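Peer 1: Let me begin by handing over the structure; questions about it come next.
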Amino acid sequence: MRSATCSGDRVGDDGQRVRDPSAHNGSVTVFAGPPARRALVVDDEQDLARLVTGYLERDGFEVHQAFDGPTALEAARAVDPDVIVLDLGLPGLDGLEVCRQVRTFSDCYIVMLTARAEEVDTLIGLSVGADDYLTKPFSPRELAARVRVLLRRPRRIAQAVRPAEPGPEPVAVGRLRIDLEGREVHVDDDPVSLTRTEFDILAALASRPRAVFTRRALIEAVWGTGWVGDEHLVDVHVLHVRQKLGDSAAEQRFVRTVRGVGYRIGLGA
């Protein structure tokens, strides 16, 4: 049986967010003023989902919940969340498949939760478009902090509605072209689909082509100084960037490893 809680709010004529009594039953914090950022918490452990929801609500989020994979997809389409906290082990559809399908219609941030600590699960989870991960048991306070850090990086949709300003020039690295303003990447004129985190890592490397970035430097450039977690997360994202660019650790045409230090942009040859 599917179970979910979704928003029952509407925005009144005065711009205030108010409860819509005609909506279906749900548990969500009501805020006055501008619409709150939206979070979707997906976990079949309902007590844990409610605990995480409480922490995010205290941070000012409008929080929706789903307890299985199919309901999570329906909620993601209906709610258009800014961030999804997504458990790997879900009934109906597992978290990996939910993540894959969400990535076909949304660029929201996804934090994957897993009860299995093996590296293969982390690699698989991130390869389908997750931006971060936590292994259970975890601190809800740490999860909330990571969500705050992710959301300091604006979504592409938000960027698109800003007033037009002169943007940075595209960066060319041999056969690789990075359009920083349009957030597009091409190799030999062929488009390459990167997640936002993958794009941000590549753009950070390209911003200083002669510099070597440590893992910590890339984390601070992409996630911000407040991020806490395993810095080897960077290695996973670099692996996926190379795969999508048709690069490899052996060739290192676009992303070079500086042993014992970190990464730098390649020559593109």
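Each chain in the structure tokens gets a letter, A, B and so on, in the order shown; residues start at 1 in every chain, and ligands are counted from 1 in the order they appear.
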If we count only C-alpha atoms and set the cut-off at 7 Å, which residues sit around stretch 128-143 of chain A, ignoring sequence neighbours fewer than 2 positions away in its own chain? Please answer as an MDAnalysis selection string.
Peer 2: chainID A and resid 52 55 96 99:100 103 109:117 124:126 145:147 195 197
Peer 1: Considering only helix (DSSP H, G or I) as DSSP defines it on the backbone, what residues of stretch 105-240 of chain A qualify? List them as a PDB file with N, CA and C atoms, in the first residue's frame.
Peer 2:
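Contents of states.pdb, freshly written:
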```
ATOM      1  N   GLU A 119      31.519   0.093  -0.869  1.00  0.00           N
ATOM      2  CA  GLU A 119      31.810   1.155  -1.832  1.00  0.00           C
ATOM      3  C   GLU A 119      31.010   0.987  -3.113  1.00  0.00           C
ATOM      4  N   VAL A 120      30.711  -0.247  -3.514  1.00  0.00           N
ATOM      5  CA  VAL A 120      30.000  -0.453  -4.777  1.00  0.00           C
ATOM      6  C   VAL A 120      28.630   0.209  -4.731  1.00  0.00           C
ATOM      7  N   ASP A 121      27.973   0.160  -3.573  1.00  0.00           N
ATOM      8  CA  ASP A 121      26.667   0.802  -3.473  1.00  0.00           C
ATOM      9  C   ASP A 121      26.795   2.312  -3.648  1.00  0.00           C
ATOM     10  N   THR A 122      27.849   2.880  -3.057  1.00  0.00           N
ATOM     11  CA  THR A 122      28.075   4.317  -3.208  1.00  0.00           C
ATOM     12  C   THR A 122      28.319   4.672  -4.659  1.00  0.00           C
ATOM     13  N   LEU A 123      29.160   3.908  -5.339  1.00  0.00           N
ATOM     14  CA  LEU A 123      29.469   4.177  -6.734  1.00  0.00           C
ATOM     15  C   LEU A 123      28.215   4.095  -7.598  1.00  0.00           C
ATOM     16  N   ILE A 124      27.423   3.046  -7.386  1.00  0.00           N
ATOM     17  CA  ILE A 124      26.211   2.878  -8.187  1.00  0.00           C
ATOM     18  C   ILE A 124      25.237   4.006  -7.898  1.00  0.00           C
ATOM     19  N   GLY A 125      25.066   4.349  -6.618  1.00  0.00           N
ATOM     20  CA  GLY A 125      24.126   5.396  -6.262  1.00  0.00           C
ATOM     21  C   GLY A 125      24.483   6.717  -6.889  1.00  0.00           C
ATOM     22  N   LEU A 126      25.748   7.080  -6.862  1.00  0.00           N
ATOM     23  CA  LEU A 126      26.153   8.355  -7.424  1.00  0.00           C
ATOM     24  C   LEU A 126      26.125   8.343  -8.944  1.00  0.00           C
ATOM     25  N   SER A 127      26.321   7.184  -9.559  1.00  0.00           N
ATOM     26  CA  SER A 127      26.362   7.123 -11.016  1.00  0.00           C
ATOM     27  C   SER A 127      25.003   7.420 -11.639  1.00  0.00           C
ATOM     28  N   PRO A 140      20.629  13.001  11.966  1.00  0.00           N
ATOM     29  CA  PRO A 140      19.730  13.885  11.219  1.00  0.00           C
ATOM     30  C   PRO A 140      20.243  15.322  11.179  1.00  0.00           C
ATOM     31  N   ARG A 141      20.962  15.728  12.218  1.00  0.00           N
ATOM     32  CA  ARG A 141      21.525  17.080  12.227  1.00  0.00           C
ATOM     33  C   ARG A 141      22.571  17.216  11.118  1.00  0.00           C
ATOM     34  N   GLU A 142      23.397  16.186  10.919  1.00  0.00           N
ATOM     35  CA  GLU A 142      24.388  16.219   9.840  1.00  0.00           C
ATOM     36  C   GLU A 142      23.702  16.226   8.485  1.00  0.00           C
ATOM     37  N   LEU A 143      22.653  15.421   8.344  1.00  0.00           N
ATOM     38  CA  LEU A 143      21.904  15.405   7.085  1.00  0.00           C
ATOM     39  C   LEU A 143      21.353  16.783   6.772  1.00  0.00           C
ATOM     40  N   ALA A 144      20.742  17.429   7.757  1.00  0.00           N
ATOM     41  CA  ALA A 144      20.189  18.762   7.538  1.00  0.00           C
ATOM     42  C   ALA A 144      21.282  19.744   7.155  1.00  0.00           C
ATOM     43  N   ALA A 145      22.466  19.608   7.772  1.00  0.00           N
ATOM     44  CA  ALA A 145      23.580  20.499   7.442  1.00  0.00           C
ATOM     45  C   ALA A 145      24.033  20.285   6.006  1.00  0.00           C
ATOM     46  N   ARG A 146      24.082  19.041   5.564  1.00  0.00           N
ATOM     47  CA  ARG A 146      24.507  18.767   4.188  1.00  0.00           C
ATOM     48  C   ARG A 146      23.493  19.315   3.183  1.00  0.00           C
ATOM     49  N   VAL A 147      22.218  19.204   3.517  1.00  0.00           N
ATOM     50  CA  VAL A 147      21.186  19.751   2.635  1.00  0.00           C
ATOM     51  C   VAL A 147      21.352  21.255   2.513  1.00  0.00           C
ATOM     52  N   ARG A 148      21.623  21.918   3.631  1.00  0.00           N
ATOM     53  CA  ARG A 148      21.823  23.369   3.578  1.00  0.00           C
ATOM     54  C   ARG A 148      22.992  23.730   2.682  1.00  0.00           C
ATOM     55  N   VAL A 149      24.072  22.955   2.776  1.00  0.00           N
ATOM     56  CA  VAL A 149      25.252  23.225   1.954  1.00  0.00           C
ATOM     57  C   VAL A 149      24.925  23.040   0.473  1.00  0.00           C
ATOM     58  N   LEU A 150      24.227  21.951   0.133  1.00  0.00           N
ATOM     59  CA  LEU A 150      23.866  21.715  -1.266  1.00  0.00           C
ATOM     60  C   LEU A 150      23.040  22.869  -1.826  1.00  0.00           C
ATOM     61  N   ARG A 156      19.610  25.488 -11.776  1.00  0.00           N
ATOM     62  CA  ARG A 156      19.661  26.101 -13.102  1.00  0.00           C
ATOM     63  C   ARG A 156      18.374  26.861 -13.412  1.00  0.00           C
ATOM     64  N   ILE A 157      17.247  26.361 -12.930  1.00  0.00           N
ATOM     65  CA  ILE A 157      15.974  27.038 -13.187  1.00  0.00           C
ATOM     66  C   ILE A 157      16.009  28.429 -12.580  1.00  0.00           C
ATOM     67  N   ALA A 158      16.541  28.530 -11.350  1.00  0.00           N
ATOM     68  CA  ALA A 158      16.616  29.831 -10.695  1.00  0.00           C
ATOM     69  C   ALA A 158      17.537  30.767 -11.454  1.00  0.00           C
ATOM     70  N   GLN A 159      18.632  30.229 -11.989  1.00  0.00           N
ATOM     71  CA  GLN A 159      19.565  31.061 -12.728  1.00  0.00           C
ATOM     72  C   GLN A 159      18.924  31.596 -14.007  1.00  0.00           C
ATOM     73  N   ALA A 160      18.038  30.812 -14.597  1.00  0.00           N
ATOM     74  CA  ALA A 160      17.489  31.171 -15.897  1.00  0.00           C
ATOM     75  C   ALA A 160      16.597  32.397 -15.832  1.00  0.00           C
ATOM     76  N   ARG A 196      24.575  18.242 -12.172  1.00  0.00           N
ATOM     77  CA  ARG A 196      25.043  19.557 -11.737  1.00  0.00           C
ATOM     78  C   ARG A 196      26.358  19.452 -10.966  1.00  0.00           C
ATOM     79  N   THR A 197      26.475  18.441 -10.124  1.00  0.00           N
ATOM     80  CA  THR A 197      27.707  18.290  -9.351  1.00  0.00           C
ATOM     81  C   THR A 197      28.877  17.975 -10.268  1.00  0.00           C
ATOM     82  N   GLU A 198      28.678  17.097 -11.243  1.00  0.00           N
ATOM     83  CA  GLU A 198      29.747  16.779 -12.190  1.00  0.00           C
ATOM     84  C   GLU A 198      30.159  18.012 -12.976  1.00  0.00           C
ATOM     85  N   PHE A 199      29.159  18.785 -13.428  1.00  0.00           N
ATOM     86  CA  PHE A 199      29.478  20.002 -14.172  1.00  0.00           C
ATOM     87  C   PHE A 199      30.269  20.971 -13.299  1.00  0.00           C
ATOM     88  N   ASP A 200      29.850  21.142 -12.053  1.00  0.00           N
ATOM     89  CA  ASP A 200      30.511  22.102 -11.174  1.00  0.00           C
ATOM     90  C   ASP A 200      31.960  21.713 -10.894  1.00  0.00           C
ATOM     91  N   ILE A 201      32.221  20.419 -10.768  1.00  0.00           N
ATOM     92  CA  ILE A 201      33.601  19.968 -10.566  1.00  0.00           C
ATOM     93  C   ILE A 201      34.434  20.264 -11.802  1.00  0.00           C
ATOM     94  N   LEU A 202      33.906  19.943 -12.979  1.00  0.00           N
ATOM     95  CA  LEU A 202      34.637  20.202 -14.215  1.00  0.00           C
ATOM     96  C   LEU A 202      34.865  21.696 -14.402  1.00  0.00           C
ATOM     97  N   ALA A 203      33.854  22.514 -14.109  1.00  0.00           N
ATOM     98  CA  ALA A 203      33.989  23.963 -14.260  1.00  0.00           C
ATOM     99  C   ALA A 203      35.018  24.519 -13.277  1.00  0.00           C
ATOM    100  N   ALA A 204      35.054  23.980 -12.058  1.00  0.00           N
ATOM    101  CA  ALA A 204      36.044  24.437 -11.080  1.00  0.00           C
ATOM    102  C   ALA A 204      37.456  24.141 -11.563  1.00  0.00           C
ATOM    103  N   LEU A 205      37.671  22.954 -12.096  1.00  0.00           N
ATOM    104  CA  LEU A 205      38.994  22.596 -12.620  1.00  0.00           C
ATOM    105  C   LEU A 205      39.375  23.497 -13.785  1.00  0.00           C
ATOM    106  N   ALA A 206      38.410  23.761 -14.681  1.00  0.00           N
ATOM    107  CA  ALA A 206      38.692  24.573 -15.862  1.00  0.00           C
ATOM    108  C   ALA A 206      38.895  26.044 -15.523  1.00  0.00           C
ATOM    109  N   SER A 207      38.390  26.479 -14.363  1.00  0.00           N
ATOM    110  CA  SER A 207      38.506  27.889 -13.996  1.00  0.00           C
ATOM    111  C   SER A 207      39.957  28.282 -13.714  1.00  0.00           C
ATOM    112  N   ARG A 215      41.324  17.388  -3.006  1.00  0.00           N
ATOM    113  CA  ARG A 215      39.923  17.026  -2.805  1.00  0.00           C
ATOM    114  C   ARG A 215      39.213  18.099  -1.990  1.00  0.00           C
ATOM    115  N   ARG A 216      39.865  18.551  -0.925  1.00  0.00           N
ATOM    116  CA  ARG A 216      39.245  19.563  -0.068  1.00  0.00           C
ATOM    117  C   ARG A 216      38.981  20.855  -0.832  1.00  0.00           C
ATOM    118  N   ALA A 217      39.919  21.246  -1.704  1.00  0.00           N
ATOM    119  CA  ALA A 217      39.729  22.470  -2.488  1.00  0.00           C
ATOM    120  C   ALA A 217      38.538  22.331  -3.426  1.00  0.00           C
ATOM    121  N   LEU A 218      38.368  21.153  -4.029  1.00  0.00           N
ATOM    122  CA  LEU A 218      37.213  20.944  -4.908  1.00  0.00           C
ATOM    123  C   LEU A 218      35.922  20.924  -4.100  1.00  0.00           C
ATOM    124  N   ILE A 219      35.956  20.321  -2.934  1.00  0.00           N
ATOM    125  CA  ILE A 219      34.765  20.305  -2.088  1.00  0.00           C
ATOM    126  C   ILE A 219      34.361  21.724  -1.725  1.00  0.00           C
ATOM    127  N   GLU A 220      35.327  22.547  -1.360  1.00  0.00           N
ATOM    128  CA  GLU A 220      35.009  23.925  -0.982  1.00  0.00           C
ATOM    129  C   GLU A 220      34.526  24.732  -2.186  1.00  0.00           C
ATOM    130  N   ALA A 221      35.068  24.424  -3.375  1.00  0.00           N
ATOM    131  CA  ALA A 221      34.644  25.138  -4.578  1.00  0.00           C
ATOM    132  C   ALA A 221      33.242  24.734  -5.018  1.00  0.00           C
ATOM    133  N   VAL A 222      32.884  23.483  -4.790  1.00  0.00           N
ATOM    134  CA  VAL A 222      31.609  22.958  -5.304  1.00  0.00           C
ATOM    135  C   VAL A 222      30.544  22.890  -4.216  1.00  0.00           C
ATOM    136  N   LEU A 233      34.408  11.234  -1.907  1.00  0.00           N
ATOM    137  CA  LEU A 233      33.252  11.500  -2.761  1.00  0.00           C
ATOM    138  C   LEU A 233      33.688  12.178  -4.057  1.00  0.00           C
ATOM    139  N   VAL A 234      34.704  13.030  -3.978  1.00  0.00           N
ATOM    140  CA  VAL A 234      35.220  13.726  -5.160  1.00  0.00           C
ATOM    141  C   VAL A 234      35.709  12.722  -6.193  1.00  0.00           C
ATOM    142  N   ASP A 235      36.407  11.666  -5.743  1.00  0.00           N
ATOM    143  CA  ASP A 235      36.951  10.669  -6.664  1.00  0.00           C
ATOM    144  C   ASP A 235      35.842  10.006  -7.480  1.00  0.00           C
ATOM    145  N   VAL A 236      34.714   9.747  -6.816  1.00  0.00           N
ATOM    146  CA  VAL A 236      33.591   9.103  -7.498  1.00  0.00           C
ATOM    147  C   VAL A 236      33.047  10.006  -8.602  1.00  0.00           C
ATOM    148  N   HIS A 237      32.883  11.286  -8.287  1.00  0.00           N
ATOM    149  CA  HIS A 237      32.365  12.217  -9.290  1.00  0.00           C
ATOM    150  C   HIS A 237      33.360  12.406 -10.443  1.00  0.00           C
ATOM    151  N   VAL A 238      34.650  12.464 -10.134  1.00  0.00           N
ATOM    152  CA  VAL A 238      35.660  12.583 -11.191  1.00  0.00           C
ATOM    153  C   VAL A 238      35.611  11.355 -12.093  1.00  0.00           C
ATOM    154  N   LEU A 239      35.449  10.174 -11.510  1.00  0.00           N
ATOM    155  CA  LEU A 239      35.316   8.949 -12.300  1.00  0.00           C
ATOM    156  C   LEU A 239      34.161   9.074 -13.289  1.00  0.00           C
ATOM    157  N   HIS A 240      33.020   9.583 -12.826  1.00  0.00           N
ATOM    158  CA  HIS A 240      31.859   9.702 -13.708  1.00  0.00           C
ATOM    159  C   HIS A 240      32.058  10.776 -14.773  1.00  0.00           C
TER     160      HIS A 240
END
```
Peer 1: Could you tell me how far atom CA of A:Thr71 lies from atom CA of A:Asp94, in Å and to one decimal?
Peer 2: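 Interatomic distance, atom CA of A:Thr71 to atom CA of A:Asp94: 11.5 Å.
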Peer 1: Atom CA of A:Val98 and atom CA of A:Asp59 are how many Å apart?
Peer 2: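 Spanning atom CA of A:Val98 to atom CA of A:Asp59 is a straight-line distance of 25.3 Å.
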Peer 1: Find the spatial neighbours of A:Val258, counting only C-alpha atoms, within a cut-off of 9 Å - ignore same-chain residues fewer than 3 positions away - and output them as a list in words.
Peer 2: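 Skipping anything fewer than 3 positions along the chain leaves Val212, Phe213, Val261, Gly262, Tyr263 and Arg264 of chain A.
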Peer 1: By how many Å are atom CA of A:Gly266 and atom CA of A:Val187 apart?
Peer 2: 13.4 Å
Peer 1: Which residues are close to A:Leu194, i.e. within 8 Å by only C-alpha atoms, leaving aside same-chain residues fewer than 6 positions away? Reply as a list of chain:residue names.
Peer 2: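 Listed by chain and then number, they are A:Val185, A:Val241, A:Lys244.
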Peer 1: Store the residues picked out above in a file with C-alpha atoms, as a PDB file, in the first residue's frame.
Peer 2:
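This is the output file selection.pdb:
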```pdb
ATOM      1  CA  VAL A 185      29.516  20.591 -22.228  1.00  0.00           C
ATOM      2  CA  VAL A 241      33.031  12.907 -15.401  1.00  0.00           C
ATOM      3  CA  LYS A 244      30.927  10.683 -19.695  1.00  0.00           C
TER       4      LYS A 244
END
```
Peer 1: Find, counting only C-alpha atoms, the residue in A:Gln65, A:Gln252, A:Gln243, A:Ser193 that gets nearest to A:Leu86.
Peer 2: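 Comparing A:Gln65, A:Gln252, A:Gln243, A:Ser193 against A:Leu86, the winner is A:Gln65.
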